[in-house]
>>> print(open('start-v1.txt').read())   # compact mmCIF, C-alpha atoms
# COMPACT_ATOMS: atom_id res chain seq x y z
CA MET B 12 0.00 0.00 0.00
CA THR B 13 1.35 3.45 -0.88
CA MET B 14 0.10 6.68 0.67
CA SER B 15 0.49 10.15 -0.77
CA LEU B 16 1.57 13.07 1.34
CA ASP B 17 -1.92 14.50 0.99
CA SER B 18 -3.55 11.40 2.43
CA LEU B 19 -1.14 11.43 5.35
CA ALA B 20 -1.89 15.05 6.10
CA ARG B 21 -5.61 15.16 5.41
CA PRO B 22 -7.50 11.86 5.82
CA ASP B 23 -10.91 11.83 4.17
CA GLU B 24 -13.19 12.18 7.18
CA GLY B 25 -16.27 11.60 5.04
CA ASN B 26 -15.15 8.06 4.25
CA LEU B 27 -15.17 6.25 7.59
CA ARG B 28 -14.93 2.60 8.52
CA GLN B 29 -17.30 1.06 11.04
CA ASP B 30 -14.85 1.85 13.84
CA GLY B 31 -14.91 5.55 12.90
CA ILE B 32 -11.40 5.64 11.45
CA PRO B 33 -11.07 7.11 7.93
CA THR B 34 -10.29 4.47 5.34
CA ASP B 35 -7.25 6.49 4.25
CA ALA B 36 -6.21 7.46 7.80
CA PRO B 37 -2.52 8.02 8.53
CA PRO B 38 -0.64 5.29 10.41
CA SER B 39 -0.75 7.39 13.59
CA LEU B 40 -4.48 6.54 13.71
CA ASP B 41 -4.52 3.25 11.81
CA PRO B 42 -1.22 1.34 12.24
CA ARG B 43 -2.51 -1.92 10.72
CA SER B 44 -1.28 -3.80 13.78
CA PRO B 45 -2.69 -4.77 17.19
CA VAL B 46 -3.24 -1.85 19.55
CA ALA B 47 -3.44 -1.94 23.35
CA LEU B 48 -5.76 0.73 24.77
CA PHE B 49 -5.16 2.19 28.24
CA GLY B 50 -7.99 4.17 29.80
CA LEU B 51 -8.25 7.12 32.15
CA ASP B 52 -7.73 4.78 35.10
CA GLU B 53 -4.41 3.50 33.67
CA PRO B 54 -2.27 6.62 33.17
CA LEU B 55 1.33 6.61 32.01
CA ALA B 56 3.35 8.69 34.50
CA MET B 57 5.74 10.73 32.37
CA ASP B 58 8.99 12.41 33.37
CA ALA B 59 7.55 15.75 32.24
CA GLY B 60 5.26 15.58 35.27
CA VAL B 61 2.16 14.66 33.26
CA ASP B 62 -0.04 11.59 33.56
CA LEU B 63 -0.88 10.61 30.00
CA ALA B 64 -4.36 9.10 29.78
CA PRO B 65 -5.97 7.71 27.81
CA PHE B 66 -3.25 6.40 25.54
CA ARG B 67 -2.53 3.50 23.25
CA ILE B 68 0.41 1.37 22.19
CA ALA B 69 0.59 -0.30 18.79
CA TYR B 70 2.65 -3.47 18.56
CA GLN B 71 3.47 -6.55 16.53
CA THR B 72 4.41 -10.08 17.59
CA ALA B 73 5.92 -13.17 16.02
CA GLY B 74 6.28 -16.69 17.35
CA THR B 75 4.43 -18.40 20.19
CA LEU B 76 4.52 -17.71 23.92
CA ASN B 77 5.36 -20.91 25.80
CA ALA B 78 3.31 -22.32 28.67
CA ASP B 79 5.32 -20.69 31.46
CA ARG B 80 5.70 -17.41 29.52
CA SER B 81 9.47 -17.52 29.81
CA ASN B 82 10.47 -17.13 26.15
CA ALA B 83 9.44 -13.52 25.50
CA VAL B 84 11.83 -11.27 23.56
CA LEU B 85 11.29 -7.51 23.39
CA ILE B 86 12.72 -5.70 20.38
CA CYS B 87 13.18 -1.96 20.89
CA HIS B 88 13.17 0.04 17.67
CA ALA B 89 15.39 2.94 16.67
CA LEU B 90 14.47 6.59 16.06
CA THR B 91 12.63 6.19 12.75
CA GLY B 92 11.73 2.52 13.21
CA ASP B 93 8.41 1.06 14.27
CA GLN B 94 6.71 -2.14 15.36
CA HIS B 95 6.89 -3.80 11.94
CA PHE B 96 10.19 -5.61 12.61
CA ALA B 97 9.25 -8.73 10.63
CA HIS B 98 6.04 -7.67 8.93
CA THR B 99 5.22 -5.90 5.69
CA HIS B 100 5.16 -2.17 6.35
CA PRO B 101 1.64 -0.76 5.77
CA VAL B 102 2.92 2.46 4.17
CA THR B 103 6.01 1.47 2.22
CA GLY B 104 5.12 -2.13 1.43
CA LYS B 105 8.68 -3.12 2.37
CA ARG B 106 9.63 -6.14 4.43
CA GLY B 107 10.34 -5.92 8.16
CA TRP B 108 13.27 -3.73 9.12
CA TRP B 109 15.06 -6.46 11.15
CA GLU B 110 14.31 -9.59 9.16
CA THR B 111 18.08 -10.00 8.83
CA LEU B 112 18.30 -10.85 12.55
CA VAL B 113 14.81 -12.05 13.47
CA GLY B 114 12.87 -14.97 12.02
CA PRO B 115 12.76 -18.77 11.81
CA GLY B 116 16.25 -20.20 12.25
CA LYS B 117 17.83 -16.77 12.72
CA PRO B 118 19.66 -15.54 15.86
CA ILE B 119 16.35 -14.40 17.34
CA ASP B 120 14.46 -17.49 16.29
CA THR B 121 10.71 -17.01 16.06
CA ASP B 122 10.31 -20.79 16.10
CA ARG B 123 11.68 -20.74 19.67
CA TYR B 124 10.80 -17.31 21.06
CA PHE B 125 7.78 -15.05 21.32
CA VAL B 126 8.98 -11.74 19.90
CA ILE B 127 7.27 -8.42 20.63
CA CYS B 128 7.99 -4.93 19.30
CA SER B 129 5.93 -1.88 20.16
CA ASN B 130 5.85 1.54 18.56
CA VAL B 131 7.26 3.87 21.21
CA ILE B 132 5.18 6.54 22.90
CA GLY B 133 5.70 9.80 21.00
CA SER B 134 6.07 8.13 17.60
CA CYS B 135 3.58 7.98 14.74
CA MET B 136 2.75 4.38 13.86
CA GLY B 137 -0.26 3.94 16.12
CA SER B 138 1.08 4.62 19.61
CA THR B 139 -0.01 7.89 21.18
CA GLY B 140 2.11 10.83 20.06
CA PRO B 141 1.86 14.39 18.76
CA ALA B 142 -0.08 13.28 15.64
CA SER B 143 -2.70 11.51 17.78
CA THR B 144 -6.04 13.07 18.61
CA ASP B 145 -6.15 14.93 21.92
CA PRO B 146 -9.38 13.74 23.59
CA ALA B 147 -9.68 17.11 25.34
CA THR B 148 -9.92 19.04 22.06
CA GLY B 149 -10.71 16.52 19.35
CA LYS B 150 -7.74 17.85 17.40
CA PRO B 151 -4.20 16.51 16.95
CA TYR B 152 -2.00 17.11 19.99
CA GLY B 153 0.76 18.85 18.05
CA LEU B 154 3.13 20.53 20.47
CA ASP B 155 0.59 20.20 23.28
CA PHE B 156 1.80 16.62 23.65
CA PRO B 157 4.13 16.32 26.67
CA LEU B 158 7.85 15.88 26.04
CA VAL B 159 8.85 12.22 26.04
CA THR B 160 11.90 10.47 27.52
CA ILE B 161 13.44 7.05 26.94
CA ARG B 162 12.23 6.12 30.43
CA ASP B 163 8.65 7.04 29.42
CA MET B 164 8.93 4.73 26.42
CA VAL B 165 10.11 1.87 28.63
CA ARG B 166 7.39 2.44 31.22
CA GLY B 167 4.84 2.21 28.42
CA GLN B 168 6.40 -1.01 27.16
CA ALA B 169 6.24 -2.46 30.68
CA MET B 170 2.53 -1.64 30.84
CA LEU B 171 2.04 -3.38 27.50
CA LEU B 172 3.81 -6.50 28.74
CA ASP B 173 1.63 -6.46 31.87
CA ARG B 174 -1.42 -6.28 29.61
CA LEU B 175 -0.11 -9.28 27.63
CA GLY B 176 0.47 -11.22 30.83
CA ILE B 177 4.25 -11.30 30.48
CA ARG B 178 6.00 -10.84 33.82
CA ASP B 179 9.58 -10.83 32.59
CA LEU B 180 11.66 -10.97 29.44
CA PHE B 181 14.05 -13.64 28.31
CA LEU B 182 15.78 -11.04 26.14
CA CYS B 183 15.61 -7.30 25.52
CA VAL B 184 17.42 -6.21 22.34
CA GLY B 185 17.74 -3.09 20.21
CA GLY B 186 20.12 -0.82 18.34
CA SER B 187 20.70 2.95 18.50
CA MET B 188 17.68 4.51 20.26
CA GLY B 189 16.52 0.93 20.72
CA GLY B 190 19.77 0.21 22.56
CA MET B 191 19.06 3.15 24.87
CA GLN B 192 15.74 1.53 25.70
CA VAL B 193 17.50 -1.78 26.41
CA LEU B 194 19.82 -0.07 28.87
CA GLN B 195 16.89 1.74 30.47
CA TRP B 196 15.00 -1.55 30.81
CA ALA B 197 17.97 -3.15 32.57
CA ALA B 198 18.30 -0.17 34.93
CA LEU B 199 14.60 0.38 35.63
CA TYR B 200 13.36 -3.22 35.71
CA PRO B 201 16.40 -5.40 36.50
CA ASP B 202 14.23 -8.25 37.81
CA ARG B 203 12.27 -8.35 34.56
CA VAL B 204 15.20 -8.76 32.11
CA PHE B 205 17.10 -12.05 31.97
CA ALA B 206 19.39 -11.02 29.10
CA ALA B 207 20.06 -7.70 27.37
CA MET B 208 21.71 -6.94 24.05
CA PRO B 209 22.30 -3.21 23.42
CA ILE B 210 23.83 -2.64 19.97
CA ALA B 211 25.46 0.47 18.45
CA THR B 212 24.33 2.72 21.28
CA GLY B 213 25.45 4.75 24.27
CA ALA B 214 24.42 5.49 27.83
CA ARG B 215 24.02 9.14 26.86
CA HIS B 216 23.90 11.30 23.77
CA SER B 217 27.06 13.19 22.89
CA ALA B 218 27.18 16.93 22.29
CA GLN B 219 27.81 16.22 18.59
CA ASN B 220 24.72 14.03 18.35
CA ILE B 221 22.60 16.67 20.07
CA ALA B 222 23.96 19.22 17.59
CA PHE B 223 22.97 17.10 14.58
CA HIS B 224 19.50 16.62 16.02
CA GLU B 225 19.08 20.33 16.58
CA VAL B 226 19.95 21.07 12.96
CA GLY B 227 17.22 18.63 11.91
CA ARG B 228 14.67 20.12 14.26
CA GLN B 229 15.43 23.63 13.07
CA ALA B 230 15.01 22.52 9.44
CA ILE B 231 11.52 21.25 10.27
CA MET B 232 10.50 24.32 12.26
CA ALA B 233 11.85 26.68 9.58
CA ASP B 234 9.50 25.15 7.00
CA PRO B 235 6.51 27.55 6.67
CA ALA B 236 4.24 24.52 6.26
CA TRP B 237 5.11 23.44 9.81
CA ALA B 238 2.57 26.05 10.98
CA GLU B 239 3.94 26.19 14.55
CA GLY B 240 3.30 22.47 14.86
CA ARG B 241 -0.37 22.69 13.78
CA TYR B 242 0.15 21.54 10.19
CA LEU B 243 -2.37 18.68 10.47
CA GLU B 244 -5.09 21.17 11.35
CA ALA B 245 -3.90 23.59 8.68
CA GLY B 246 -3.93 20.89 6.00
CA THR B 247 -0.25 21.41 5.24
CA ARG B 248 2.84 19.28 5.79
CA PRO B 249 6.44 20.38 6.37
CA ALA B 250 7.74 17.86 3.85
CA LYS B 251 10.73 19.96 2.78
CA GLY B 252 11.92 20.57 6.33
CA LEU B 253 11.44 16.96 7.37
CA GLY B 254 13.16 15.77 4.22
CA VAL B 255 16.22 17.95 4.92
CA ALA B 256 16.27 16.71 8.53
CA ARG B 257 16.30 13.13 7.27
CA MET B 258 19.06 13.86 4.76
CA GLY B 259 21.29 15.32 7.45
CA ALA B 260 20.62 12.50 9.88
CA HIS B 261 21.13 9.83 7.23
CA ILE B 262 24.70 11.01 6.65
CA THR B 263 25.45 10.22 10.31
CA TYR B 264 24.19 6.66 9.85
CA LEU B 265 26.80 5.95 7.16
CA SER B 266 30.59 6.05 6.97
CA GLU B 267 32.96 7.82 4.61
CA PRO B 268 34.37 4.52 3.24
CA ALA B 269 30.86 3.21 2.57
CA LEU B 270 29.83 6.46 0.87
CA HIS B 271 32.96 6.44 -1.25
CA ARG B 272 32.51 2.79 -2.24
CA LYS B 273 28.86 3.25 -3.16
CA PHE B 274 28.91 6.71 -4.73
CA GLY B 275 32.36 8.27 -4.83
CA ARG B 276 32.27 11.48 -6.84
CA ARG B 277 30.30 9.89 -9.67
CA PHE B 278 27.89 12.10 -11.57
CA GLN B 279 24.20 11.25 -11.83
CA GLY B 280 23.21 10.31 -15.37
CA GLY B 281 26.30 11.66 -17.06
CA HIS B 282 30.00 12.35 -16.90
CA ALA B 283 30.07 16.10 -16.49
CA PRO B 284 28.54 18.78 -14.27
CA THR B 285 25.36 20.51 -15.41
CA PHE B 286 26.48 23.83 -13.92
CA SER B 287 23.26 24.00 -11.91
CA PHE B 288 22.01 23.15 -8.43
CA ASN B 289 20.32 19.98 -9.61
CA ALA B 290 21.44 16.65 -8.13
CA ASP B 291 24.62 16.40 -10.18
CA PHE B 292 26.29 13.80 -7.98
CA GLN B 293 24.91 10.35 -7.21
CA ILE B 294 25.21 10.97 -3.49
CA GLU B 295 23.01 14.06 -3.84
CA SER B 296 20.36 12.08 -5.67
CA TYR B 297 20.52 9.34 -3.04
CA LEU B 298 20.07 11.77 -0.14
CA ARG B 299 17.16 13.52 -1.86
CA HIS B 300 15.49 10.15 -2.37
CA GLN B 301 15.99 9.33 1.30
CA GLY B 302 14.34 12.60 2.27
CA LEU B 303 11.38 12.20 -0.07
CA SER B 304 10.66 8.59 0.90
CA PHE B 305 10.93 9.38 4.60
CA VAL B 306 8.20 12.02 4.63
CA GLU B 307 5.76 9.47 3.22
CA ARG B 308 5.91 7.39 6.40
CA PHE B 309 6.88 9.68 9.28
CA ASP B 310 5.39 12.59 11.17
CA ALA B 311 7.44 15.77 11.55
CA ASN B 312 6.43 16.50 15.14
CA ALA B 313 7.18 12.90 16.11
CA TYR B 314 10.68 13.45 14.74
CA LEU B 315 11.05 16.50 16.99
CA TYR B 316 9.88 14.56 20.04
CA LEU B 317 11.95 11.42 19.53
CA THR B 318 15.18 13.27 18.78
CA ARG B 319 14.65 15.30 21.95
CA ALA B 320 14.07 12.08 23.93
CA MET B 321 17.42 10.76 22.73
CA ASP B 322 19.11 14.05 23.62
CA TYR B 323 17.74 13.93 27.17
CA PHE B 324 18.96 10.37 27.75
CA ASP B 325 21.81 10.23 30.28
CA LEU B 326 21.72 7.07 32.37
CA ALA B 327 24.66 8.07 34.59
CA ALA B 328 23.07 11.43 35.44
CA ASP B 329 19.98 9.55 36.60
CA HIS B 330 22.13 7.59 39.06
CA GLY B 331 24.27 10.15 40.85
CA GLY B 332 26.63 10.68 37.93
CA VAL B 333 28.00 7.12 38.16
CA LEU B 334 26.93 4.81 35.35
CA ALA B 335 27.76 1.67 37.32
CA ASN B 336 25.09 2.65 39.85
CA ALA B 337 22.46 2.04 37.17
CA PHE B 338 23.36 -1.66 37.20
CA ARG B 339 24.07 -2.32 40.89
CA ASN B 340 23.09 -5.85 41.96
CA THR B 341 21.69 -6.63 38.53
CA ARG B 342 21.18 -10.26 37.59
CA THR B 343 20.81 -9.48 33.91
CA ARG B 344 23.45 -10.89 31.57
CA PHE B 345 24.61 -8.50 28.84
CA CYS B 346 26.10 -8.59 25.37
CA VAL B 347 27.23 -5.17 24.13
CA MET B 348 28.09 -4.69 20.44
CA SER B 349 29.69 -1.86 18.50
CA PHE B 350 31.00 -1.29 14.96
CA THR B 351 34.42 0.09 14.08
CA SER B 352 33.09 2.62 11.54
CA ASP B 353 30.17 3.90 13.65
CA TRP B 354 30.97 7.53 14.41
CA LEU B 355 27.47 8.31 15.69
CA PHE B 356 27.87 5.87 18.60
CA PRO B 357 31.58 5.00 18.49
CA THR B 358 33.08 1.99 20.22
CA ALA B 359 34.18 4.22 23.11
CA ASP B 360 30.50 4.62 24.05
CA SER B 361 30.06 0.85 24.21
CA ARG B 362 33.27 0.43 26.20
CA ALA B 363 31.96 2.93 28.77
CA ILE B 364 28.87 0.74 29.19
CA VAL B 365 31.03 -2.39 29.53
CA HIS B 366 33.29 -0.74 32.11
CA ALA B 367 30.24 0.30 34.14
CA LEU B 368 28.85 -3.23 33.99
CA ASN B 369 32.20 -4.64 35.07
CA ALA B 370 32.26 -2.20 37.99
CA ALA B 371 28.79 -3.40 38.95
CA SER B 372 29.97 -7.05 38.73
CA ALA B 373 27.42 -7.75 36.00
CA PRO B 374 28.02 -10.61 33.56
CA VAL B 375 28.89 -8.97 30.24
CA ALA B 376 30.32 -9.89 26.85
CA PHE B 377 31.61 -7.26 24.45
CA VAL B 378 32.00 -7.53 20.68
CA GLU B 379 33.53 -4.85 18.46
CA ILE B 380 32.64 -5.73 14.88
CA GLU B 381 34.93 -4.77 12.01
CA SER B 382 32.70 -3.07 9.45
CA ASP B 383 32.86 -0.09 7.11
CA LYS B 384 29.04 0.27 6.95
CA GLY B 385 28.76 2.87 9.71
CA HIS B 386 26.02 3.13 12.31
CA ASP B 387 23.42 1.42 10.12
CA ALA B 388 25.49 -1.79 10.17
CA PHE B 389 23.24 -3.17 12.91
CA LEU B 390 20.37 -3.24 10.39
CA LEU B 391 22.38 -4.85 7.60
CA ASP B 392 23.86 -8.21 6.68
CA GLU B 393 26.72 -8.50 9.15
CA PRO B 394 27.72 -12.17 9.66
CA VAL B 395 29.93 -11.41 12.68
CA MET B 396 27.02 -9.66 14.41
CA PHE B 397 24.70 -12.57 13.60
CA ASN B 398 27.19 -15.15 14.93
CA ALA B 399 27.81 -13.18 18.10
CA ALA B 400 24.09 -12.63 18.66
CA LYS B 401 23.31 -16.30 18.08
CA GLY B 402 26.05 -17.43 20.47
CA PHE B 403 24.85 -15.07 23.20
CA VAL B 404 21.16 -15.85 22.76
CA ASP B 405 21.72 -19.62 22.62
CA ALA B 406 23.85 -19.53 25.78
CA ALA B 407 21.25 -17.43 27.57
CA ALA B 408 18.51 -19.83 26.43
CA ARG B 409 20.41 -22.77 27.93
CA ALA B 410 20.80 -20.89 31.19
CA ARG B 411 17.09 -20.04 31.10
CA GLY B 412 16.17 -23.65 30.42
CA LEU B 413 14.60 -22.90 27.05
>>> encode(input="start-v1.txt", output="structure tokens")
Amino acid sequence: MTMSLDSLARPDEGNLRQDGIPTDAPPSLDPRSPVALFGLDEPLAMDAGVDLAPFRIAYQTAGTLNADRSNAVLICHALTGDQHFAHTHPVTGKRGWWETLVGPGKPIDTDRYFVICSNVIGSCMGSTGPASTDPATGKPYGLDFPLVTIRDMVRGQAMLLDRLGIRDLFLCVGGSMGGMQVLQWAALYPDRVFAAMPIATGARHSAQNIAFHEVGRQAIMADPAWAEGRYLEAGTRPAKGLGVARMGAHITYLSEPALHRKFGRRFQGGHAPTFSFNADFQIESYLRHQGLSFVERFDANAYLYLTRAMDYFDLAADHGGVLANAFRNTRTRFCVMSFTSDWLFPTADSRAIVHALNAASAPVAFVEIESDKGHDAFLLDEPVMFNAAKGFVDAAARARGL
């Protein structure tokens, strides 16, 4: 299924399904996945000092929960990811974003484990966020939605697991912003996580990462169509600003060697410059395509909120400035992975996590993977990552008695 920008911005309210949702509703209202509804009597206590209620969490599952409910795996998605980890995406029609790692016979084997992934609070694929309808006004929240933190996301996931009758997790795994959630899970709910696998992540966002995010946010807010965050009401969409934000961020997900290998300085459709500001170089055309395709599936305000949540994340600051304090007396076993060419979350960030876990006497394995694919390597075909993940998960399964 393919949606136009117009359908994402202005669903046809005169063409409603029996449940009252427009047939061409955006994924923020119709995620094409299961949704858990939490009422006024089940608020989500947020770090911003607000109790969010009612709210909803959209999710997907794969595999079968065993009789004693001990084989549950929680996948935590990255900034622009969603719950469709192994399912056809309802907007793009593409396959699941982590089918390289998750599926029958793969390191996270859906023939053995019950795998869950929820769209985080503040995003735009069915969980409550700034594109959702504010029940107090009947209009989209926009910037009236409270600021979100990684801890808020994890609290929401815990409520979802409670709803599904899952007391604890065999494994919690994720990369990038997903890895932040894994670390937060281990710190906030140590008795609920048997094994944790944070990949290509850090225990806090660096000043450089915050700077890149701010450039993206300013690009969105500088777009006149942003309409001070009320673009859904205005019937506009800040596609240009969001596209530029995506282009800038996408550069940080890659590496210079990978860019050179794939594009170099090759011209697009010719062997000479056009002496214009068209996309002369292949890399320019690639980035413009990334920006255009991104705005078809993502909400601009959600991008503002989730980048800010990553910026706020600082696990050591939440524990007296000492990262090891976040993992005191933990019984969770860890496997931390990094990639040599990842300059967004360099190996030094992973080593800091490992050192803190060692100081807390936590069982931890560390793998630095040689790769020139940059930060996005955790989403790609990386045999060393697969082998390390399989070894860790299989060992944890034996210890768990699975």
>>> residues_around(input="start-v1.txt", residues="Asp310 in chain B", least_positions_apart="3", cutoff="8 Å", atoms="all atoms listed in the file", output="MDAnalysis selection string")
chainID B and resid 134:135 142 306 313:314
>>> residues_near_point(input="start-v1.txt", point="(25.9, -2.1, 28.6)", cutoff="7 Å", atoms="all atoms listed in the file", output="number ranges by chain")
B: 194, 209, 345, 347, 361, 364-365, 368
>>> atom_distance(input="start-v1.txt", atom1="CA of Phe286 in chain B", atom2="CA of Pro235 in chain B")
28.9 Å
>>> residues_around(input="start-v1.txt", residues="range 219-228 of chain B", least_positions_apart="4", cutoff="9 Å", atoms="only C-alpha atoms", output="compact mmCIF listing (two decimals) with C-alpha atoms, in the coordinates of the input")
# COMPACT_ATOMS: atom_id res chain seq x y z
CA MET B 232 10.50 24.32 12.26
CA ALA B 233 11.85 26.68 9.58
CA GLY B 252 11.92 20.57 6.33
CA LEU B 253 11.44 16.96 7.37
CA VAL B 255 16.22 17.95 4.92
CA ALA B 256 16.27 16.71 8.53
CA ARG B 257 16.30 13.13 7.27
CA MET B 258 19.06 13.86 4.76
CA GLY B 259 21.29 15.32 7.45
CA ALA B 260 20.62 12.50 9.88
CA THR B 263 25.45 10.22 10.31
CA ALA B 311 7.44 15.77 11.55
CA TYR B 314 10.68 13.45 14.74
CA LEU B 315 11.05 16.50 16.99
CA THR B 318 15.18 13.27 18.78
CA ARG B 319 14.65 15.30 21.95
CA MET B 321 17.42 10.76 22.73
CA ASP B 322 19.11 14.05 23.62
CA LEU B 355 27.47 8.31 15.69
CA PHE B 356 27.87 5.87 18.60
>>> closest_residue(input="start-v1.txt", among="B:Ala230, B:Ala373, B:Leu265, B:Ala211", to="Phe350 in chain B", atoms="only C-alpha atoms")
B:Ala211
>>> atom_distance(input="start-v1.txt", atom1="CA of Arg342 in chain B", atom2="CA of Phe205 in chain B")
7.2 Å
>>> closest_residue(input="start-v1.txt", among="B:Ser81, B:Asn340, B:Ser39, B:Thr351", to="Ser138 in chain B", atoms="all atoms listed in the file")
B:Ser39
>>> closest_residue(input="start-v1.txt", among="B:Val204, B:Ile161, B:Val46, B:Ala371", to="Val84 in chain B", atoms="all atoms listed in the file")
B:Val204
>>> residues_around(input="start-v1.txt", residues="Ala320 in chain B", least_positions_apart="4", cutoff="12 Å", atoms="all atoms listed in the file", output="VMD selection string")
chain B and resid 57 to 59 89 to 90 131 to 134 157 to 165 188 to 189 191 to 192 215 to 216 221 224 313 to 316 324 to 325
>>> atom_distance(input="start-v1.txt", atom1="CA of Leu298 in chain B", atom2="CA of Tyr323 in chain B")
27.5 Å
>>> closest_residue(input="start-v1.txt", among="B:Arg248, B:His88, B:Arg203, B:Arg174", to="Glu53 in chain B", atoms="all atoms listed in the file")
B:Arg174
>>> closest_residue(input="start-v1.txt", among="B:Phe274, B:Glu267, B:Arg344, B:Tyr152", to="Asp202 in chain B", atoms="all atoms listed in the file")
B:Arg344
>>> closest_residue(input="start-v1.txt", among="B:Thr72, B:Ser217, B:Asn130, B:Thr212", to="Cys87 in chain B", atoms="only C-alpha atoms")
B:Asn130
>>> residues_around(input="start-v1.txt", residues="Gln94 in chain B", least_positions_apart="5", cutoff="6 Å", atoms="only C-alpha atoms", output="list in words")
Tyr70, Gln71, Cys128, Ser129 and Asn130 of chain B
>>> write_last_selection(input="start-v1.txt", atoms="C-alpha atoms", output="PDB file, keeping the file's coordinate frame")
ATOM      1  CA  TYR B  70       2.650  -3.470  18.560  1.00  0.00           C
ATOM      2  CA  GLN B  71       3.470  -6.550  16.530  1.00  0.00           C
ATOM      3  CA  CYS B 128       7.990  -4.930  19.300  1.00  0.00           C
ATOM      4  CA  SER B 129       5.930  -1.880  20.160  1.00  0.00           C
ATOM      5  CA  ASN B 130       5.850   1.540  18.560  1.00  0.00           C
TER       6      ASN B 130
END
>>> build_atoms(input="start-v1.txt", residues="range 204-215 of chain B", atoms="N, CA, C and O atoms", output="CSV table (one decimal), in the coordinates of the input")
chain,number,residue,atom,x,y,z
B,204,VAL,N,14.4,-8.5,33.3
B,204,VAL,CA,15.2,-8.8,32.1
B,204,VAL,C,16.3,-9.8,32.4
B,204,VAL,O,17.2,-9.6,33.2
B,205,PHE,N,16.1,-11.0,31.8
B,205,PHE,CA,17.1,-12.0,32.0
B,205,PHE,C,18.4,-11.8,31.2
B,205,PHE,O,19.5,-12.0,31.7
B,206,ALA,N,18.2,-11.3,29.9
B,206,ALA,CA,19.4,-11.0,29.1
B,206,ALA,C,19.1,-9.8,28.3
B,206,ALA,O,18.0,-9.5,27.9
B,207,ALA,N,20.2,-9.0,28.1
B,207,ALA,CA,20.1,-7.7,27.4
B,207,ALA,C,21.1,-7.6,26.3
B,207,ALA,O,22.3,-7.9,26.6
B,208,MET,N,20.8,-7.1,25.1
B,208,MET,CA,21.7,-6.9,24.0
B,208,MET,C,21.6,-5.6,23.4
B,208,MET,O,20.9,-5.3,22.5
B,209,PRO,N,22.3,-4.6,24.0
B,209,PRO,CA,22.3,-3.2,23.4
B,209,PRO,C,23.4,-3.1,22.3
B,209,PRO,O,24.5,-3.5,22.5
B,210,ILE,N,23.0,-2.6,21.1
B,210,ILE,CA,23.8,-2.6,20.0
B,210,ILE,C,24.0,-1.2,19.4
B,210,ILE,O,23.0,-0.5,19.3
B,211,ALA,N,25.2,-0.8,19.1
B,211,ALA,CA,25.5,0.5,18.4
B,211,ALA,C,24.8,1.6,19.2
B,211,ALA,O,24.0,2.4,18.6
B,212,THR,N,25.0,1.7,20.5
B,212,THR,CA,24.3,2.7,21.3
B,212,THR,C,25.3,3.3,22.3
B,212,THR,O,26.5,3.0,22.4
B,213,GLY,N,24.7,4.1,23.2
B,213,GLY,CA,25.4,4.8,24.3
B,213,GLY,C,24.6,5.0,25.5
B,213,GLY,O,23.3,5.0,25.4
B,214,ALA,N,25.2,5.2,26.6
B,214,ALA,CA,24.4,5.5,27.8
B,214,ALA,C,24.0,7.0,27.9
B,214,ALA,O,23.3,7.3,28.8
B,215,ARG,N,24.5,7.7,27.0
B,215,ARG,CA,24.0,9.1,26.9
B,215,ARG,C,24.3,9.6,25.5
B,215,ARG,O,25.1,9.0,24.7
